[in-house]
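my_file.cif (mmCIF, C-alpha atoms and all ligand atoms)
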data_input
loop_
_atom_site.group_PDB
_atom_site.id
_atom_site.type_symbol
_atom_site.label_atom_id
_atom_site.label_comp_id
_atom_site.auth_asym_id
_atom_site.auth_seq_id
_atom_site.Cartn_x
_atom_site.Cartn_y
_atom_site.Cartn_z
ATOM 1 C CA MET Q 25 -3.437 -13.360 65.652
ATOM 2 C CA TYR Q 26 -1.087 -10.440 66.209
ATOM 3 C CA ASP Q 27 -2.857 -9.083 69.293
ATOM 4 C CA TRP Q 28 0.446 -9.005 71.181
ATOM 5 C CA LEU Q 29 1.889 -6.659 68.534
ATOM 6 C CA ASN Q 30 -1.224 -4.529 68.413
ATOM 7 C CA ALA Q 31 -1.141 -4.209 72.189
ATOM 8 C CA LEU Q 32 2.366 -2.678 72.334
ATOM 9 C CA PRO Q 33 2.163 1.095 72.785
ATOM 10 C CA LYS Q 34 3.903 2.575 69.750
ATOM 11 C CA ALA Q 35 4.786 5.839 68.034
ATOM 12 C CA GLU Q 36 4.746 6.172 64.257
ATOM 13 C CA LEU Q 37 7.555 8.389 62.975
ATOM 14 C CA HIS Q 38 7.482 7.791 59.209
ATOM 15 C CA LEU Q 39 4.083 8.134 57.606
ATOM 16 C CA HIS Q 40 3.061 10.169 54.565
ATOM 17 C CA LEU Q 41 -0.555 11.252 55.029
ATOM 18 C CA GLU Q 42 -1.075 11.157 51.263
ATOM 19 C CA GLY Q 43 0.134 7.551 51.378
ATOM 20 C CA SER Q 44 -2.626 6.599 53.796
ATOM 21 C CA LEU Q 45 -5.291 7.299 51.143
ATOM 22 C CA GLU Q 46 -7.056 3.938 50.860
ATOM 23 C CA PRO Q 47 -8.588 3.083 47.459
ATOM 24 C CA GLU Q 48 -12.110 3.152 48.954
ATOM 25 C CA LEU Q 49 -11.664 6.722 50.203
ATOM 26 C CA LEU Q 50 -9.948 7.682 46.944
ATOM 27 C CA PHE Q 51 -13.038 6.573 45.002
ATOM 28 C CA ALA Q 52 -15.406 8.264 47.471
ATOM 29 C CA LEU Q 53 -13.521 11.576 47.177
ATOM 30 C CA ALA Q 54 -13.431 11.311 43.378
ATOM 31 C CA GLU Q 55 -17.202 10.961 43.395
ATOM 32 C CA ARG Q 56 -17.681 13.808 45.870
ATOM 33 C CA ASN Q 57 -15.456 16.090 43.768
ATOM 34 C CA LYS Q 58 -16.797 14.846 40.417
ATOM 35 C CA ILE Q 59 -13.402 13.654 39.181
ATOM 36 C CA ALA Q 60 -13.191 10.940 36.512
ATOM 37 C CA LEU Q 61 -10.669 8.245 37.427
ATOM 38 C CA PRO Q 62 -8.617 6.103 35.031
ATOM 39 C CA TRP Q 63 -9.476 2.949 37.038
ATOM 40 C CA ASN Q 64 -12.871 1.212 36.787
ATOM 41 C CA ASP Q 65 -13.143 0.257 40.434
ATOM 42 C CA VAL Q 66 -11.296 -0.219 43.716
ATOM 43 C CA GLU Q 67 -10.026 -3.663 42.678
ATOM 44 C CA ALA Q 68 -8.585 -2.316 39.434
ATOM 45 C CA LEU Q 69 -6.775 0.426 41.357
ATOM 46 C CA ARG Q 70 -5.457 -1.992 43.975
ATOM 47 C CA SER Q 71 -4.143 -4.303 41.303
ATOM 48 C CA ALA Q 72 -2.087 -1.384 39.914
ATOM 49 C CA TYR Q 73 -0.132 -1.359 43.200
ATOM 50 C CA ALA Q 74 2.839 -3.351 41.929
ATOM 51 C CA PHE Q 75 6.112 -1.447 41.834
ATOM 52 C CA ASN Q 76 9.673 -2.123 40.698
ATOM 53 C CA ASN Q 77 11.156 0.951 42.357
ATOM 54 C CA LEU Q 78 10.397 4.175 44.221
ATOM 55 C CA GLN Q 79 9.587 6.185 41.082
ATOM 56 C CA GLU Q 80 6.915 3.764 39.853
ATOM 57 C CA PHE Q 81 5.204 4.104 43.216
ATOM 58 C CA LEU Q 82 5.538 7.897 43.309
ATOM 59 C CA ASP Q 83 3.873 8.239 39.903
ATOM 60 C CA LEU Q 84 0.757 6.504 41.233
ATOM 61 C CA TYR Q 85 0.924 8.223 44.627
ATOM 62 C CA TYR Q 86 0.891 11.700 43.040
ATOM 63 C CA ALA Q 87 -1.909 10.648 40.658
ATOM 64 C CA GLY Q 88 -3.985 9.360 43.600
ATOM 65 C CA ALA Q 89 -3.496 12.583 45.569
ATOM 66 C CA ASP Q 90 -5.356 14.491 42.843
ATOM 67 C CA VAL Q 91 -8.713 13.560 44.431
ATOM 68 C CA LEU Q 92 -7.801 15.645 47.499
ATOM 69 C CA ARG Q 93 -9.330 19.045 46.818
ATOM 70 C CA THR Q 94 -11.100 20.552 49.840
ATOM 71 C CA GLU Q 95 -10.303 21.151 53.488
ATOM 72 C CA GLN Q 96 -12.846 18.425 54.319
ATOM 73 C CA ASP Q 97 -10.983 15.964 52.047
ATOM 74 C CA PHE Q 98 -7.730 16.535 53.943
ATOM 75 C CA TYR Q 99 -9.608 16.243 57.220
ATOM 76 C CA ASP Q 100 -11.211 12.933 56.196
ATOM 77 C CA LEU Q 101 -7.871 11.539 54.981
ATOM 78 C CA THR Q 102 -6.137 12.386 58.261
ATOM 79 C CA TRP Q 103 -9.033 11.203 60.415
ATOM 80 C CA ALA Q 104 -9.146 7.812 58.702
ATOM 81 C CA TYR Q 105 -5.424 7.394 59.446
ATOM 82 C CA LEU Q 106 -5.917 8.359 63.099
ATOM 83 C CA LEU Q 107 -8.647 5.732 63.487
ATOM 84 C CA LYS Q 108 -6.105 3.134 62.282
ATOM 85 C CA CYS Q 109 -3.637 4.454 64.856
ATOM 86 C CA LYS Q 110 -6.264 4.059 67.568
ATOM 87 C CA ALA Q 111 -7.006 0.472 66.504
ATOM 88 C CA GLN Q 112 -3.283 -0.422 66.577
ATOM 89 C CA ASN Q 113 -2.320 1.348 69.806
ATOM 90 C CA VAL Q 114 -0.231 4.001 68.058
ATOM 91 C CA ILE Q 115 -0.319 6.596 70.832
ATOM 92 C CA HIS Q 116 1.785 9.255 69.096
ATOM 93 C CA THR Q 117 2.352 10.068 65.431
ATOM 94 C CA GLU Q 118 4.657 12.442 63.545
ATOM 95 C CA PRO Q 119 3.234 12.386 60.013
ATOM 96 C CA PHE Q 120 4.588 14.069 56.886
ATOM 97 C CA PHE Q 121 2.561 15.986 54.389
ATOM 98 C CA ASP Q 122 3.759 17.168 50.962
ATOM 99 C CA PRO Q 123 2.294 20.663 50.414
ATOM 100 C CA GLN Q 124 3.822 21.017 46.924
ATOM 101 C CA THR Q 125 1.863 17.994 45.683
ATOM 102 C CA HIS Q 126 -1.236 20.095 46.265
ATOM 103 C CA THR Q 127 -0.200 23.738 45.766
ATOM 104 C CA ASP Q 128 1.238 22.814 42.343
ATOM 105 C CA ARG Q 129 -2.302 21.780 41.290
ATOM 106 C CA GLY Q 130 -3.821 25.004 42.562
ATOM 107 C CA ILE Q 131 -4.968 23.914 46.034
ATOM 108 C CA PRO Q 132 -4.129 26.718 48.493
ATOM 109 C CA PHE Q 133 -1.579 25.838 51.204
ATOM 110 C CA GLU Q 134 -3.991 26.813 53.967
ATOM 111 C CA VAL Q 135 -6.725 24.463 52.667
ATOM 112 C CA VAL Q 136 -4.325 21.526 52.963
ATOM 113 C CA LEU Q 137 -2.945 22.543 56.323
ATOM 114 C CA ARG Q 138 -6.254 23.458 57.978
ATOM 115 C CA GLY Q 139 -7.878 20.143 57.100
ATOM 116 C CA ILE Q 140 -4.921 18.074 58.310
ATOM 117 C CA LYS Q 141 -4.295 20.110 61.451
ATOM 118 C CA GLN Q 142 -7.955 20.147 62.546
ATOM 119 C CA ALA Q 143 -8.109 16.353 62.314
ATOM 120 C CA LEU Q 144 -4.861 16.016 64.304
ATOM 121 C CA VAL Q 145 -6.164 18.369 67.005
ATOM 122 C CA ASP Q 146 -9.471 16.455 67.155
ATOM 123 C CA GLY Q 147 -7.458 13.226 67.319
ATOM 124 C CA GLU Q 148 -5.665 14.460 70.434
ATOM 125 C CA LYS Q 149 -8.950 15.397 72.088
ATOM 126 C CA GLN Q 150 -11.186 12.529 71.004
ATOM 127 C CA LEU Q 151 -8.746 9.632 70.515
ATOM 128 C CA GLY Q 152 -5.909 10.585 72.862
ATOM 129 C CA ILE Q 153 -3.287 10.416 70.079
ATOM 130 C CA SER Q 154 -0.597 13.100 70.344
ATOM 131 C CA HIS Q 155 1.172 14.409 67.245
ATOM 132 C CA GLY Q 156 3.860 16.535 65.665
ATOM 133 C CA LEU Q 157 3.378 17.501 62.020
ATOM 134 C CA ILE Q 158 6.324 17.496 59.562
ATOM 135 C CA LEU Q 159 6.300 19.605 56.382
ATOM 136 C CA SER Q 160 8.151 17.679 53.696
ATOM 137 C CA PHE Q 161 9.774 19.239 50.618
ATOM 138 C CA LEU Q 162 9.703 17.370 47.306
ATOM 139 C CA ARG Q 163 13.336 16.811 46.381
ATOM 140 C CA HIS Q 164 12.682 16.412 42.641
ATOM 141 C CA LEU Q 165 11.689 20.106 42.631
ATOM 142 C CA SER Q 166 14.176 22.974 43.034
ATOM 143 C CA GLU Q 167 15.439 24.529 46.242
ATOM 144 C CA GLU Q 168 13.842 27.775 45.096
ATOM 145 C CA GLU Q 169 10.459 26.052 45.049
ATOM 146 C CA ALA Q 170 11.132 24.664 48.531
ATOM 147 C CA PHE Q 171 11.854 28.226 49.719
ATOM 148 C CA LYS Q 172 8.519 29.367 48.219
ATOM 149 C CA THR Q 173 6.698 26.618 50.109
ATOM 150 C CA PHE Q 174 8.542 27.549 53.274
ATOM 151 C CA GLU Q 175 7.375 31.163 52.954
ATOM 152 C CA GLN Q 176 3.773 29.959 52.489
ATOM 153 C CA ALA Q 177 4.126 27.892 55.654
ATOM 154 C CA MET Q 178 5.572 30.578 57.902
ATOM 155 C CA PRO Q 179 2.222 32.235 58.804
ATOM 156 C CA PHE Q 180 1.384 28.789 60.256
ATOM 157 C CA ARG Q 181 4.794 28.224 61.869
ATOM 158 C CA ASP Q 182 3.331 26.833 65.102
ATOM 159 C CA ALA Q 183 1.465 24.056 63.272
ATOM 160 C CA PHE Q 184 4.785 22.204 62.587
ATOM 161 C CA ILE Q 185 7.615 20.664 64.523
ATOM 162 C CA ALA Q 186 10.000 19.954 61.654
ATOM 163 C CA VAL Q 187 10.724 19.961 57.945
ATOM 164 C CA GLY Q 188 11.575 16.850 55.957
ATOM 165 C CA LEU Q 189 12.689 15.781 52.484
ATOM 166 C CA ASP Q 190 11.007 13.117 50.347
ATOM 167 C CA SER Q 191 10.189 12.006 46.762
ATOM 168 C CA SER Q 192 12.714 10.758 44.139
ATOM 169 C CA GLU Q 193 16.022 10.230 45.929
ATOM 170 C CA MET Q 194 18.518 9.349 43.188
ATOM 171 C CA GLY Q 195 20.050 12.440 41.602
ATOM 172 C CA HIS Q 196 18.575 14.723 44.292
ATOM 173 C CA PRO Q 197 21.132 14.696 47.118
ATOM 174 C CA PRO Q 198 20.459 16.393 50.458
ATOM 175 C CA ARG Q 199 23.055 19.112 49.696
ATOM 176 C CA LYS Q 200 20.621 20.568 47.144
ATOM 177 C CA PHE Q 201 18.469 21.726 50.091
ATOM 178 C CA GLN Q 202 21.123 22.899 52.557
ATOM 179 C CA ARG Q 203 20.079 26.570 52.528
ATOM 180 C CA VAL Q 204 16.349 26.000 52.977
ATOM 181 C CA PHE Q 205 17.071 23.604 55.851
ATOM 182 C CA ASP Q 206 19.365 26.276 57.410
ATOM 183 C CA LYS Q 207 16.469 28.703 57.123
ATOM 184 C CA ALA Q 208 14.080 26.223 58.781
ATOM 185 C CA ARG Q 209 16.493 25.710 61.675
ATOM 186 C CA SER Q 210 16.777 29.480 62.085
ATOM 187 C CA GLU Q 211 13.014 29.387 62.769
ATOM 188 C CA ASP Q 212 13.612 26.737 65.461
ATOM 189 C CA LEU Q 213 12.217 23.930 63.341
ATOM 190 C CA LEU Q 214 13.807 20.506 63.654
ATOM 191 C CA THR Q 215 14.909 18.613 60.531
ATOM 192 C CA VAL Q 216 14.620 15.065 59.197
ATOM 193 C CA ALA Q 217 15.249 13.659 55.706
ATOM 194 C CA HIS Q 218 14.725 10.536 53.638
ATOM 195 C CA ALA Q 219 18.200 9.170 52.897
ATOM 196 C CA GLY Q 220 19.658 5.788 52.084
ATOM 197 C CA GLU Q 221 16.400 4.272 50.834
ATOM 198 C CA GLU Q 222 17.553 3.927 47.215
ATOM 199 C CA GLY Q 223 20.370 6.461 47.526
ATOM 200 C CA PRO Q 224 23.942 5.690 48.647
ATOM 201 C CA PRO Q 225 25.453 6.128 52.130
ATOM 202 C CA GLU Q 226 26.950 9.470 50.972
ATOM 203 C CA TYR Q 227 23.409 10.888 50.987
ATOM 204 C CA ILE Q 228 23.067 9.884 54.651
ATOM 205 C CA TRP Q 229 26.349 11.644 55.498
ATOM 206 C CA GLU Q 230 25.088 14.773 53.741
ATOM 207 C CA ALA Q 231 21.758 14.649 55.548
ATOM 208 C CA LEU Q 232 23.593 14.444 58.887
ATOM 209 C CA ASP Q 233 26.366 16.955 58.211
ATOM 210 C CA LEU Q 234 24.641 19.502 55.966
ATOM 211 C CA LEU Q 235 20.947 19.255 56.873
ATOM 212 C CA LYS Q 236 21.733 18.467 60.546
ATOM 213 C CA ILE Q 237 18.886 16.015 60.802
ATOM 214 C CA GLU Q 238 17.580 14.532 64.056
ATOM 215 C CA ARG Q 239 16.477 11.259 62.433
ATOM 216 C CA ILE Q 240 17.159 9.403 59.189
ATOM 217 C CA ASP Q 241 14.060 8.295 57.269
ATOM 218 C CA HIS Q 242 14.732 4.782 55.907
ATOM 219 C CA GLY Q 243 18.567 4.752 56.119
ATOM 220 C CA VAL Q 244 18.771 1.022 55.420
ATOM 221 C CA ARG Q 245 21.753 1.494 53.058
ATOM 222 C CA ALA Q 246 23.844 2.788 56.011
ATOM 223 C CA ILE Q 247 24.873 -0.824 56.505
ATOM 224 C CA GLU Q 248 27.146 -0.532 53.434
ATOM 225 C CA ASP Q 249 29.421 1.970 55.229
ATOM 226 C CA GLU Q 250 31.007 0.800 58.471
ATOM 227 C CA ARG Q 251 32.197 4.264 59.542
ATOM 228 C CA LEU Q 252 28.653 5.572 59.084
ATOM 229 C CA MET Q 253 27.230 2.661 61.077
ATOM 230 C CA GLN Q 254 29.609 3.457 63.943
ATOM 231 C CA ARG Q 255 28.509 7.085 63.957
ATOM 232 C CA ILE Q 256 24.814 6.172 63.921
ATOM 233 C CA ILE Q 257 25.368 3.785 66.821
ATOM 234 C CA ASP Q 258 27.637 6.117 68.816
ATOM 235 C CA GLU Q 259 25.294 9.096 68.426
ATOM 236 C CA GLN Q 260 22.122 6.963 68.681
ATOM 237 C CA ILE Q 261 20.657 8.612 65.601
ATOM 238 C CA PRO Q 262 17.225 7.037 65.024
ATOM 239 C CA LEU Q 263 16.332 5.339 61.733
ATOM 240 C CA THR Q 264 12.649 5.287 60.765
ATOM 241 C CA VAL Q 265 12.540 1.994 58.887
ATOM 242 C CA CYS Q 266 9.568 0.856 56.788
ATOM 243 C CA PRO Q 267 9.827 -2.898 56.102
ATOM 244 C CA LEU Q 268 6.770 -3.419 53.884
ATOM 245 C CA SER Q 269 7.642 -0.315 51.865
ATOM 246 C CA ASN Q 270 11.200 -1.568 51.347
ATOM 247 C CA THR Q 271 10.019 -4.903 49.965
ATOM 248 C CA LYS Q 272 7.196 -3.421 47.847
ATOM 249 C CA LEU Q 273 9.674 -0.961 46.276
ATOM 250 C CA CYS Q 274 12.339 -3.673 45.817
ATOM 251 C CA VAL Q 275 14.905 -2.066 48.124
ATOM 252 C CA PHE Q 276 15.139 -5.657 49.413
ATOM 253 C CA ASP Q 277 14.078 -8.540 47.158
ATOM 254 C CA ASP Q 278 12.442 -10.349 50.031
ATOM 255 C CA MET Q 279 11.527 -9.595 53.661
ATOM 256 C CA ARG Q 280 13.906 -12.366 54.708
ATOM 257 C CA GLN Q 281 16.742 -10.177 53.429
ATOM 258 C CA HIS Q 282 15.712 -7.104 55.416
ATOM 259 C CA ASN Q 283 18.447 -5.767 57.708
ATOM 260 C CA ILE Q 284 16.347 -4.149 60.456
ATOM 261 C CA LEU Q 285 16.932 -6.840 63.096
ATOM 262 C CA GLN Q 286 20.622 -7.012 62.254
ATOM 263 C CA MET Q 287 20.779 -3.248 62.836
ATOM 264 C CA LEU Q 288 18.778 -3.563 66.059
ATOM 265 C CA GLU Q 289 21.188 -6.162 67.418
ATOM 266 C CA ARG Q 290 24.150 -3.949 66.564
ATOM 267 C CA GLY Q 291 22.679 -1.200 68.714
ATOM 268 C CA VAL Q 292 21.170 1.026 66.016
ATOM 269 C CA LYS Q 293 18.085 2.909 67.203
ATOM 270 C CA VAL Q 294 15.766 1.481 64.530
ATOM 271 C CA THR Q 295 11.987 1.958 64.568
ATOM 272 C CA VAL Q 296 9.144 0.291 62.613
ATOM 273 C CA ASN Q 297 6.859 2.433 60.449
ATOM 274 C CA SER Q 298 4.372 2.108 57.603
ATOM 275 C CA ASP Q 299 5.468 4.882 55.138
ATOM 276 C CA ASP Q 300 2.479 4.680 52.724
ATOM 277 C CA PRO Q 301 0.219 2.037 54.251
ATOM 278 C CA ALA Q 302 -2.563 2.224 51.657
ATOM 279 C CA TYR Q 303 -0.054 1.338 48.924
ATOM 280 C CA PHE Q 304 2.261 -1.101 50.692
ATOM 281 C CA GLY Q 305 -0.148 -3.508 52.358
ATOM 282 C CA GLY Q 306 -0.376 -2.459 55.950
ATOM 283 C CA TYR Q 307 -0.091 -0.129 58.897
ATOM 284 C CA VAL Q 308 2.376 -0.362 61.779
ATOM 285 C CA THR Q 309 1.105 -3.634 63.229
ATOM 286 C CA GLU Q 310 1.271 -5.348 59.809
ATOM 287 C CA ASN Q 311 4.884 -4.171 59.503
ATOM 288 C CA PHE Q 312 5.733 -5.692 62.897
ATOM 289 C CA ALA Q 313 3.850 -8.857 61.918
ATOM 290 C CA ALA Q 314 5.906 -9.198 58.727
ATOM 291 C CA LEU Q 315 9.109 -9.037 60.782
ATOM 292 C CA HIS Q 316 7.821 -11.758 63.072
ATOM 293 C CA HIS Q 317 6.664 -13.909 60.201
ATOM 294 C CA SER Q 318 9.692 -13.540 57.884
ATOM 295 C CA LEU Q 319 12.590 -12.749 60.221
ATOM 296 C CA GLY Q 320 11.507 -14.488 63.418
ATOM 297 C CA MET Q 321 11.380 -11.242 65.398
ATOM 298 C CA THR Q 322 10.898 -12.171 69.066
ATOM 299 C CA GLN Q 323 8.575 -10.523 71.593
ATOM 300 C CA GLU Q 324 11.611 -9.013 73.283
ATOM 301 C CA GLN Q 325 12.832 -7.497 70.003
ATOM 302 C CA ALA Q 326 9.342 -6.162 69.246
ATOM 303 C CA LYS Q 327 9.289 -4.473 72.647
ATOM 304 C CA ARG Q 328 12.664 -2.848 72.017
ATOM 305 C CA LEU Q 329 11.543 -1.630 68.577
ATOM 306 C CA ALA Q 330 8.360 -0.157 70.054
ATOM 307 C CA GLN Q 331 10.320 1.479 72.888
ATOM 308 C CA ASN Q 332 12.750 2.944 70.318
ATOM 309 C CA SER Q 333 9.794 4.580 68.551
ATOM 310 C CA LEU Q 334 8.687 6.236 71.787
ATOM 311 C CA ASP Q 335 12.268 7.344 72.552
ATOM 312 C CA ALA Q 336 12.857 8.747 69.038
ATOM 313 C CA ARG Q 337 9.904 11.150 69.105
ATOM 314 C CA LEU Q 338 10.776 14.751 68.285
ATOM 315 C CA VAL Q 339 8.079 16.018 70.664
HETATM 316 N N1 LIG Q 401 10.313 7.657 49.692
HETATM 317 C C1 LIG Q 401 10.395 8.884 49.170
HETATM 318 N N2 LIG Q 401 9.358 9.670 49.026
HETATM 319 C C2 LIG Q 401 8.151 9.231 49.423
HETATM 320 C C3 LIG Q 401 8.008 7.979 49.962
HETATM 321 C C4 LIG Q 401 9.146 7.150 50.117
HETATM 322 O O1 LIG Q 401 9.125 6.010 50.600
HETATM 323 N N3 LIG Q 401 6.690 7.850 50.250
HETATM 324 C C5 LIG Q 401 6.082 8.997 49.889
HETATM 325 N N4 LIG Q 401 6.971 9.845 49.385
HETATM 326 ZN ZN ZN Q 402 8.734 7.847 53.283
#
Would you kindly transcribe this structure into structure tokens?
Ligand code: HPA
Ligand code: ZN
Amino acid sequence: MYDWLNALPKAELHLHLEGSLEPELLFALAERNKIALPWNDVEALRSAYAFNNLQEFLDLYYAGADVLRTEQDFYDLTWAYLLKCKAQNVIHTEPFFDPQTHTDRGIPFEVVLRGIKQALVDGEKQLGISHGLILSFLRHLSEEEAFKTFEQAMPFRDAFIAVGLDSSEMGHPPRKFQRVFDKARSEDLLTVAHAGEEGPPEYIWEALDLLKIERIDHGVRAIEDERLMQRIIDEQIPLTVCPLSNTKLCVFDDMRQHNILQMLERGVKVTVNSDDPAYFGGYVTENFAALHHSLGMTQEQAKRLAQNSLDARLV
């Protein structure tokens, strides 16, 4: 039914690999690693995917990630996502991974990175999907802990294109991470950050001015600040918007209230992304389909959104 959306060549610029862990794979990895789960079956787990806000989702997302233990697990997770990309004509992806989610439970940094990176390299060769990997810091942890993670990553510097910032936004403003982002830029890494998902426009200003980001992840609350909107339009700063995520996490009560098309028509460089597709009900094509279904997105608008995603690539 949405073949025309599937057929558009697209880039995905906002995707957490840990958020692409489908319940079926989660159960398979739990069995492989002999981990007891608090849910009886896949259906019971899926029915727990009802969230009132970002934090309720994150609690389940970090719990789910506990089944990821070996290099092969991270490979399988990433490969499954790449097969979805192939099926939906996502020709380039710039995924995030959250090393601290794993190193804090005793999984070595290199186990996580090697599994993910090998799958991405195989994906280029076997599926023709190009990539740039983004190391994301957990903002609910301290800057000191982010620095520690950065030091662990430096022996693998060439595996990344950028650093990012995710997890609980409220109370953890971008300025908390200014020095570690300065350090990353001194190593010629690019920077992006989640801002303006639940947090206020001030967090977007900080991400731009202090973290010197190339793209804003989410950024939907920019619309509350006209001066910020003008800057984003004038400088053509891309927003990586995630419509299904925003409705599942109650950033908007209903898809019909989503502001992505309004932003598009004002000249904001908005893109469509899936964020955590296993938890929010769909990959990139399903996000486009929701915009068509609920907001009347036209073919011409879909083409512009897809072109924006190709233009907003970091590599
Ligand atoms: N926001 C913040 N942190 C996240 C998200 C998100 O949507 N998904 C995974 N980590
Ligand atoms: Zn995100």
Taking the file as shown, what set of residues would the PyMOL selection byres (((chain Q and resi 112-120) around 7) and not hetatm) give back, as a list of chain:residue names?
-> Q:Asn30, Q:Ala31, Q:Leu32, Q:Pro33, Q:Lys34, Q:Ala35, Q:Glu36, Q:Leu37, Q:His38, Q:Leu39, Q:His40, Q:Leu41, Q:Lys108, Q:Cys109, Q:Lys110, Q:Ala111, Q:Phe121, Q:Asp122, Q:Ile153, Q:Ser154, Q:His155, Q:Gly156, Q:Leu157, Q:Ile158, Q:Leu159, Q:Ser160, Q:Thr309
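The nearest approach to ligand LIG 401 (chain Q) among the residues Q:His196, Q:Lys149, Q:Arg280, Q:Lys141, with all atoms listed in the file taken into account, belongs to Q:His196.
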Counting only C-alpha atoms and all ligand atoms, which residues of chain Q sit at most 8 Å from some atom of ligand LIG 401 (chain Q), and what is each one's closest atom pair with its distance in Å to one decimal, listed by chain and rising residue number, as a tab-separated table?
residue	atom	partner	partner_atom	distance
Q:Leu39	CA	Q:LIG401	N3	7.8
Q:His40	CA	Q:LIG401	C5	5.7
Q:Glu42	CA	Q:LIG401	C5	7.6
Q:Gly43	CA	Q:LIG401	C5	6.3
Q:Leu78	CA	Q:LIG401	N1	6.5
Q:Leu82	CA	Q:LIG401	N4	6.5
Q:Tyr85	CA	Q:LIG401	C5	7.4
Q:Leu162	CA	Q:LIG401	N2	7.9
Q:Leu189	CA	Q:LIG401	N2	7.8
Q:Asp190	CA	Q:LIG401	N2	4.0
Q:Ser191	CA	Q:LIG401	N2	3.4
Q:Ser192	CA	Q:LIG401	C1	5.8
Q:Glu193	CA	Q:LIG401	C1	6.6
Q:His218	CA	Q:LIG401	C1	6.4
Q:Glu221	CA	Q:LIG401	N1	7.1
Q:His242	CA	Q:LIG401	O1	7.8
Q:Ser269	CA	Q:LIG401	O1	6.6
Q:Asn270	CA	Q:LIG401	O1	7.9
Q:Asp299	CA	Q:LIG401	N3	5.8
Q:Asp300	CA	Q:LIG401	N3	5.8
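Each of Q:Glu167, Q:Asp128, Q:Asp241, Q:Asp233 was compared to ligand ZN 402 (chain Q) using all atoms listed in the file, and Q:Asp241 turns out to be the nearest.
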Return the single residue from Q:Gly220, Q:Gln286, Q:Gly139, Q:Asn332 that is closest to Q:Gln260, with distances computed using all atoms listed in the file.
->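 Counting all atoms listed in the file, the residue closest to Q:Gln260 is Q:Asn332.
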Please evaluate the PyMOL selection byres (((chain Q and resi 204) around 10) and not hetatm) against the structure above and give the resulting residues as an NGL selection string.
-> :Q and (161 or 167-172 or 174 or 187 or 200-203 or 205-210 or 235)
Hits of the PyMOL selection byres (((chain Q and resi 73) around 10) and not hetatm) in this structure, as a list in words | Ala68, Leu69, Arg70, Ser71, Ala72, Ala74, Phe75, Glu80, Phe81, Leu84, Tyr85, Lys272, Ala302, Tyr303, Phe304 and Gly305 of chain Q
Can you list, as a ChimeraX atom specification, every protein, DNA or RNA residue that comes within 9 Å of Q:Leu53 when you count all atoms listed in the file, leaving out same-chain residues fewer than 5 positions away?
-> /Q:48,58-59,91-93,97
